[in-house]
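First comes the structure, then the notes that go with it.
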Amino acid sequence: MVDRRSRVAEAEPRPLPTRFLTPDDLVEMFELPSVETVYQWRRKRTGPRGFRVGRHLRFDPDDVRAWVESQIKGAAA
């Protein structure tokens, strides 16, 4: 049986969209339990950098990519 971490490590990275990402996009990309996880990351300042457009939260794909890379480097240390 292959655990989820092995599947993720073996999978080819999907290109990120060129548009700004929504919290729902992050939920789908990272298979999170709910958007509340994204908002918790924001409150704790542990997730990717986001910004507001009016009342809507958005994420730059480049910032998400940089955050993922920092998580990978942190896990390898």
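How things are named: the first chain in the structure tokens is A, the next is B, and so on; residues count from 1 in each chain; ligands count from 1 in the order shown.
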
Open item on the list: With only C-alpha atoms as the counted atoms, please give the residues lying no more than 7 Å from segment 58-69 of chain A, apart from itself and same-chain residues fewer than 5 positions off, as an NGL selection string.
Closed with: :A and (16-18 or 20-23 or 48-52)

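Take the candidates A:Asp24, A:Arg19, A:Glu31, A:Ser70 and check each one against Thr46 of chain A using only C-alpha atoms; the shortest distance goes to A:Ser70.
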
TODO: Between A:Arg43, A:Val38, A:Ala75, A:Arg55, single out the one closest to Asp25 of chain A, counting only C-alpha atoms.
DONE: A:Val38
